[in-house]
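Text of the file structure01.cif, holding mmCIF, C-alpha atoms:
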data_model
loop_
_atom_site.group_PDB
_atom_site.id
_atom_site.type_symbol
_atom_site.label_atom_id
_atom_site.label_comp_id
_atom_site.auth_asym_id
_atom_site.auth_seq_id
_atom_site.Cartn_x
_atom_site.Cartn_y
_atom_site.Cartn_z
ATOM 1 C CA GLN A 1 0.501 131.956 194.652
ATOM 2 C CA ARG A 2 -2.707 132.767 192.788
ATOM 3 C CA ARG A 3 -5.150 130.794 194.918
ATOM 4 C CA GLN A 4 -7.098 132.202 197.828
ATOM 5 C CA VAL A 5 -7.410 129.990 200.899
ATOM 6 C CA ARG A 6 -9.924 130.758 203.604
ATOM 7 C CA PRO A 7 -8.716 130.285 207.211
ATOM 8 C CA ALA A 8 -10.189 127.322 209.073
ATOM 9 C CA THR A 9 -9.899 126.003 212.617
ATOM 10 C CA LEU A 10 -6.978 123.697 211.786
ATOM 11 C CA LEU A 11 -5.631 125.558 208.783
ATOM 12 C CA VAL A 12 -3.523 128.691 208.801
ATOM 13 C CA PRO A 13 -2.797 129.970 205.296
ATOM 14 C CA HIS A 14 0.825 130.794 204.597
ATOM 15 C CA ARG A 15 1.840 132.355 201.306
ATOM 16 C CA SER A 16 5.340 131.665 200.092
ATOM 17 C CA HIS A 17 7.145 134.245 198.023
ATOM 18 C CA ARG A 18 9.475 131.686 196.516
ATOM 19 C CA SER A 19 9.065 130.051 193.158
ATOM 20 C CA GLU A 20 10.498 126.564 193.927
ATOM 21 C CA SER A 21 7.738 124.054 193.351
ATOM 22 C CA VAL A 22 7.065 120.681 191.795
ATOM 23 C CA LEU A 23 3.959 119.457 190.002
ATOM 24 C CA LYS A 24 1.746 116.755 191.493
ATOM 25 C CA GLY A 25 -0.632 116.112 188.653
ATOM 26 C CA ASP A 26 -1.418 119.650 187.563
ATOM 27 C CA VAL A 27 -1.107 121.169 191.046
ATOM 28 C CA PRO A 28 2.114 123.032 191.902
ATOM 29 C CA ILE A 29 3.276 122.295 195.455
ATOM 30 C CA SER A 30 6.259 123.491 197.436
ATOM 31 C CA LYS A 31 9.360 121.339 197.544
ATOM 32 C CA LEU A 32 9.568 119.432 200.805
ATOM 33 C CA ALA A 33 12.678 121.251 202.066
ATOM 34 C CA THR A 34 11.057 124.638 201.406
ATOM 35 C CA ALA A 35 7.811 123.550 203.089
ATOM 36 C CA VAL A 36 9.632 122.296 206.206
ATOM 37 C CA VAL A 37 11.770 125.434 206.481
ATOM 38 C CA GLU A 38 8.795 127.783 206.094
ATOM 39 C CA ALA A 39 6.611 125.744 208.452
ATOM 40 C CA PHE A 40 9.450 125.825 211.004
ATOM 41 C CA GLY A 41 9.115 129.599 211.141
ATOM 42 C CA CYS A 42 5.342 129.459 211.689
ATOM 43 C CA LEU A 43 5.257 126.999 214.598
ATOM 44 C CA ASP A 44 6.069 127.299 218.280
ATOM 45 C CA ALA A 45 9.554 126.121 219.261
ATOM 46 C CA ILE A 46 8.681 122.560 220.374
ATOM 47 C CA ALA A 47 6.381 121.874 217.411
ATOM 48 C CA ALA A 48 9.010 123.264 215.016
ATOM 49 C CA ARG A 49 11.724 121.032 216.466
ATOM 50 C CA ASN A 50 9.453 117.986 216.346
ATOM 51 C CA LEU A 51 8.623 118.717 212.700
ATOM 52 C CA LEU A 52 12.291 118.884 211.801
ATOM 53 C CA PHE A 53 13.259 115.750 213.748
ATOM 54 C CA THR A 54 10.330 113.817 212.228
ATOM 55 C CA ALA A 55 11.250 114.808 208.668
ATOM 56 C CA LEU A 56 14.902 113.904 209.245
ATOM 57 C CA GLY A 57 14.077 110.714 211.161
ATOM 58 C CA GLN A 58 11.873 109.429 208.342
ATOM 59 C CA ARG A 59 14.756 110.173 205.951
ATOM 60 C CA ARG A 60 12.412 112.169 203.715
ATOM 61 C CA ILE A 61 14.800 115.097 203.773
ATOM 62 C CA SER A 62 18.439 115.717 204.598
ATOM 63 C CA ALA A 63 20.002 118.391 206.788
ATOM 64 C CA GLY A 64 21.920 119.549 203.705
ATOM 65 C CA ARG A 65 18.744 120.240 201.742
ATOM 66 C CA LEU A 66 17.273 122.116 204.682
ATOM 67 C CA LEU A 67 20.406 124.262 204.876
ATOM 68 C CA VAL A 68 20.078 125.106 201.171
ATOM 69 C CA ALA A 69 16.379 125.974 201.629
ATOM 70 C CA ALA A 70 17.083 128.224 204.644
ATOM 71 C CA VAL A 71 18.179 131.184 202.563
ATOM 72 C CA PRO A 72 19.042 134.496 204.259
ATOM 73 C CA GLY A 73 15.878 136.333 205.248
ATOM 74 C CA THR A 74 13.983 133.129 206.055
ATOM 75 C CA ARG A 75 11.822 133.501 209.144
ATOM 76 C CA SER A 76 13.450 131.854 212.204
ATOM 77 C CA ARG A 77 16.609 131.103 210.206
ATOM 78 C CA PRO A 78 18.921 131.506 213.241
ATOM 79 C CA ALA A 79 16.867 129.022 215.294
ATOM 80 C CA LEU A 80 16.763 126.596 212.365
ATOM 81 C CA LEU A 81 20.522 126.802 211.813
ATOM 82 C CA ALA A 82 21.143 126.283 215.546
ATOM 83 C CA LEU A 83 18.923 123.195 215.538
ATOM 84 C CA LEU A 84 20.613 121.801 212.434
ATOM 85 C CA GLY A 85 23.903 122.320 214.275
ATOM 86 C CA HIS A 86 22.585 120.117 217.087
ATOM 87 C CA VAL A 87 21.506 117.522 214.517
ATOM 88 C CA ALA A 88 24.988 117.554 212.989
ATOM 89 C CA GLY A 89 26.403 117.160 216.507
ATOM 90 C CA GLY A 90 24.373 113.997 217.080
ATOM 91 C CA SER A 91 21.013 114.994 218.615
ATOM 92 C CA HIS A 92 18.497 112.981 216.600
ATOM 93 C CA SER A 93 15.266 113.680 218.486
ATOM 94 C CA GLU A 94 13.571 116.250 220.667
ATOM 95 C CA ALA A 95 14.072 113.931 223.665
ATOM 96 C CA GLU A 96 17.828 113.634 223.032
ATOM 97 C CA LEU A 97 18.156 117.400 222.666
ATOM 98 C CA ARG A 98 16.220 118.033 225.894
ATOM 99 C CA LEU A 99 18.469 115.535 227.709
ATOM 100 C CA LEU A 100 21.573 117.306 226.400
ATOM 101 C CA GLU A 101 20.169 120.610 227.658
ATOM 102 C CA VAL A 102 19.624 119.058 231.115
ATOM 103 C CA VAL A 103 23.216 117.769 231.205
ATOM 104 C CA ARG A 104 24.663 121.124 230.155
ATOM 105 C CA ALA A 105 22.466 123.134 232.540
ATOM 106 C CA ALA A 106 23.702 120.976 235.446
ATOM 107 C CA GLY A 107 27.329 121.676 234.546
ATOM 108 C CA LEU A 108 28.117 118.006 233.935
ATOM 109 C CA PRO A 109 30.954 116.999 231.592
ATOM 110 C CA GLU A 110 30.147 117.326 227.883
ATOM 111 C CA PRO A 111 28.988 113.924 226.604
ATOM 112 C CA VAL A 112 29.677 112.386 223.217
ATOM 113 C CA ARG A 113 26.523 112.116 221.135
ATOM 114 C CA GLN A 114 25.768 109.043 219.009
ATOM 115 C CA LEU A 115 28.999 107.332 220.032
ATOM 116 C CA ARG A 116 29.529 104.159 218.024
ATOM 117 C CA VAL A 117 30.440 101.216 220.272
ATOM 118 C CA ARG A 118 31.377 97.757 219.009
ATOM 119 C CA ILE A 119 29.690 94.975 220.976
ATOM 120 C CA GLY A 120 30.720 91.630 219.541
ATOM 121 C CA SER A 121 30.032 91.629 215.827
ATOM 122 C CA ARG A 122 27.537 94.498 216.090
ATOM 123 C CA SER A 123 27.642 98.236 216.594
ATOM 124 C CA ALA A 124 25.509 100.295 218.951
ATOM 125 C CA TYR A 125 25.044 104.057 218.809
ATOM 126 C CA LEU A 126 24.622 105.632 222.241
ATOM 127 C CA ASP A 127 22.348 108.668 222.644
ATOM 128 C CA LEU A 128 24.814 110.249 225.089
ATOM 129 C CA ALA A 129 28.056 108.707 226.313
ATOM 130 C CA PHE A 130 30.563 109.591 228.990
ATOM 131 C CA GLU A 131 33.573 107.622 227.760
ATOM 132 C CA PRO A 132 35.968 107.888 230.748
ATOM 133 C CA GLN A 133 33.290 106.436 233.060
ATOM 134 C CA ARG A 134 31.796 104.161 230.380
ATOM 135 C CA VAL A 135 28.307 105.447 231.149
ATOM 136 C CA ALA A 136 25.675 105.483 228.408
ATOM 137 C CA ILE A 137 22.501 107.544 228.692
ATOM 138 C CA GLU A 138 19.515 106.440 226.621
ATOM 139 C CA VAL A 139 16.187 108.215 226.159
ATOM 140 C CA ASP A 140 12.965 106.244 225.979
ATOM 141 C CA GLY A 141 10.597 108.262 223.827
ATOM 142 C CA ARG A 142 6.863 108.414 224.306
ATOM 143 C CA ARG A 143 6.003 105.956 221.523
ATOM 144 C CA TRP A 144 9.044 104.139 220.214
ATOM 145 C CA HIS A 145 10.188 102.245 223.299
ATOM 146 C CA PHE A 146 6.865 100.997 224.619
ATOM 147 C CA CYS A 147 6.007 98.304 222.117
ATOM 148 C CA ALA A 148 7.006 94.826 223.348
ATOM 149 C CA GLU A 149 9.403 94.107 220.483
ATOM 150 C CA GLN A 150 11.336 97.344 220.875
ATOM 151 C CA ARG A 151 11.486 96.978 224.654
ATOM 152 C CA SER A 152 12.893 93.459 224.251
ATOM 153 C CA ALA A 153 15.495 94.707 221.759
ATOM 154 C CA ASP A 154 16.491 97.521 224.154
ATOM 155 C CA ILE A 155 16.999 95.054 227.018
ATOM 156 C CA ARG A 156 19.146 92.757 224.856
ATOM 157 C CA ARG A 157 21.216 95.728 223.720
ATOM 158 C CA ASP A 158 21.694 96.935 227.305
ATOM 159 C CA VAL A 159 22.838 93.458 228.372
ATOM 160 C CA ARG A 160 25.431 93.355 225.558
ATOM 161 C CA LEU A 161 26.652 96.837 226.525
ATOM 162 C CA SER A 162 26.955 95.741 230.175
ATOM 163 C CA ALA A 163 29.059 92.767 229.111
ATOM 164 C CA ALA A 164 31.330 95.226 227.280
ATOM 165 C CA GLY A 165 31.764 97.294 230.466
ATOM 166 C CA TRP A 166 29.144 99.998 229.899
ATOM 167 C CA LEU A 167 26.539 101.052 232.445
ATOM 168 C CA VAL A 168 23.317 102.130 230.739
ATOM 169 C CA LEU A 169 20.957 104.656 232.346
ATOM 170 C CA ARG A 170 17.536 104.991 230.728
ATOM 171 C CA PHE A 171 15.218 107.941 231.265
ATOM 172 C CA LEU A 172 11.684 108.545 230.055
ATOM 173 C CA TYR A 173 11.017 111.662 228.021
ATOM 174 C CA GLU A 174 8.533 112.775 230.683
ATOM 175 C CA GLN A 175 11.210 112.495 233.399
ATOM 176 C CA ILE A 176 13.589 114.657 231.375
ATOM 177 C CA VAL A 177 10.921 117.326 230.867
ATOM 178 C CA ASP A 178 9.196 117.201 234.271
ATOM 179 C CA GLU A 179 12.086 116.265 236.589
ATOM 180 C CA PRO A 180 15.285 117.611 235.008
ATOM 181 C CA ARG A 181 17.026 118.155 238.364
ATOM 182 C CA TRP A 182 16.337 114.548 239.411
ATOM 183 C CA VAL A 183 17.680 113.271 236.066
ATOM 184 C CA ALA A 184 20.802 115.422 236.349
ATOM 185 C CA ASP A 185 21.408 114.259 239.932
ATOM 186 C CA ARG A 186 21.182 110.576 238.958
ATOM 187 C CA ILE A 187 23.658 111.103 236.117
ATOM 188 C CA ALA A 188 26.035 113.046 238.389
ATOM 189 C CA GLU A 189 25.909 110.320 241.070
ATOM 190 C CA THR A 190 26.630 107.628 238.512
ATOM 191 C CA LEU A 191 29.538 109.514 236.967
ATOM 192 C CA ALA A 192 31.031 110.109 240.431
ATOM 193 C CA ALA A 193 30.692 106.425 241.356
ATOM 194 C CA ARG A 194 32.332 105.301 238.118
ATOM 195 C CA ALA A 195 35.074 107.903 237.948
ATOM 196 C CA PRO A 196 38.370 106.268 236.857
ATOM 197 C CA ASP A 197 39.999 107.102 240.199
ATOM 198 C CA ALA A 198 36.955 106.215 242.345
#
Represent the structure contained in this file as structure tokens.
Amino acid sequence: QRRQVRPATLLVPHRSHRSESVLKGDVPISKLATAVVEAFGCLDAIAARNLLFTALGQRRISAGRLLVAAVPGTRSRPALLALLGHVAGGSHSEAELRLLEVVRAAGLPEPVRQLRVRIGSRSAYLDLAFEPQRVAIEVDGRRWHFCAEQRSADIRRDVRLSAAGWLVLRFLYEQIVDEPRWVADRIAETLAARAPDA
């Protein structure tokens, strides 16, 4: 509160009016939940969502703590609460949320998010699932799914799901963002082909 920070190319000073802080050595710093909530209000929508998903994905913070930190009057509180609602509903990444938006915009049936499916002695959590048709939709993010080990694990998982009667559709994040109509059409075709009365 008492220190002056000069703006720099990659640094935008933001002064908090809250008193919650912890000491690192002799330097008071904001609590992580407060820092994430206040940063959320200073970033553009995509960067803010990525910040939140990264913090939650690394398990450095919980949605509950973010809710406590988002006190009334917090900048962008409505957008933050809406996003935390999506997180509670099962959207665990920006890619998953964008895919859900594509599905809803196309008027497709509402999918189940993070559906737990038993395959043998293991459990799999599906990004989006259409249970009546037994169709699972998975999102391959820009980094996570392109290392050889993760790709191999994804293929093994898809094979086990197929053996259990599930059809798995995988889409790249770029396809969801750049070709949403194409993605929606492929999902719609698959659901129609696997309809229980088809």
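Residue nearest Thr34 (chain A) within the list A:Val183, A:Val103, A:Val112, A:Leu52: A:Leu52 [criterion: smallest interatomic distance, all atoms listed in the file].
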Distance query region 78-87 of chain A at most 9 Å, only C-alpha atoms, self and fewer than 6 positions along chain excluded, as a list in words: Val37, Phe40, Gly41, Ala45, Ala48, Arg49, Leu52, Phe53, Ala63, Leu66, Leu67, Ala70, Ser93 and Leu97 of chain A
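For region 153-169 of chain A, the set of protein, DNA and RNA residues having any atom at most 10 Å away, when counting all atoms listed in the file and skipping those fewer than 4 positions along the same chain, is Val117, Arg118, Ile119, Gly120, Arg122, Ser123, Ala124, Leu126, Leu128, Ala129, Phe130, Glu131, Gln133, Arg134, Val135, Ala136, Ile137, Glu138, Val139, Asp140, His145, Ala148, Glu149, Val183, Arg186, Ile187, Thr190 and Arg194 of chain A.
In this model, the gap between CA of Ile61 (chain A) and CA of Leu100 (chain A) comes to 23.7 Å.
The coordinates place CA of Pro111 (chain A) at 26.8 Å from CA of Arg77 (chain A).
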Atom-to-atom span, CA of Gln114 (chain A) and CA of Asp127 (chain A), Å: 5.0 Å
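Restricting the calculation to all atoms listed in the file, the smallest distance between Ile176 (chain A) and any of A:Ala55, A:Leu99, A:Ala39, A:Ile29 is found for A:Leu99.
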Adding 8 Å on each side of the box along x, y and z that holds all listed atoms of region 64-75 of chain A, could you give its centre and edge lengths in Å to one decimal, as JSON?
{"center_x": 16.9, "center_y": 127.9, "center_z": 205.2, "size_x": 26.1, "size_y": 32.8, "size_z": 24.0}
Closest of A:Val22, A:Leu43, A:Leu108, A:Ala88 to Glu189 (chain A) - atom-to-atom distances counting all atoms listed in the file: A:Leu108
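Using all atoms listed in the file, the smallest distance between any of A:Leu32, A:Leu172, A:Leu23, A:Ile46 and Gly141 (chain A) comes from A:Leu172.
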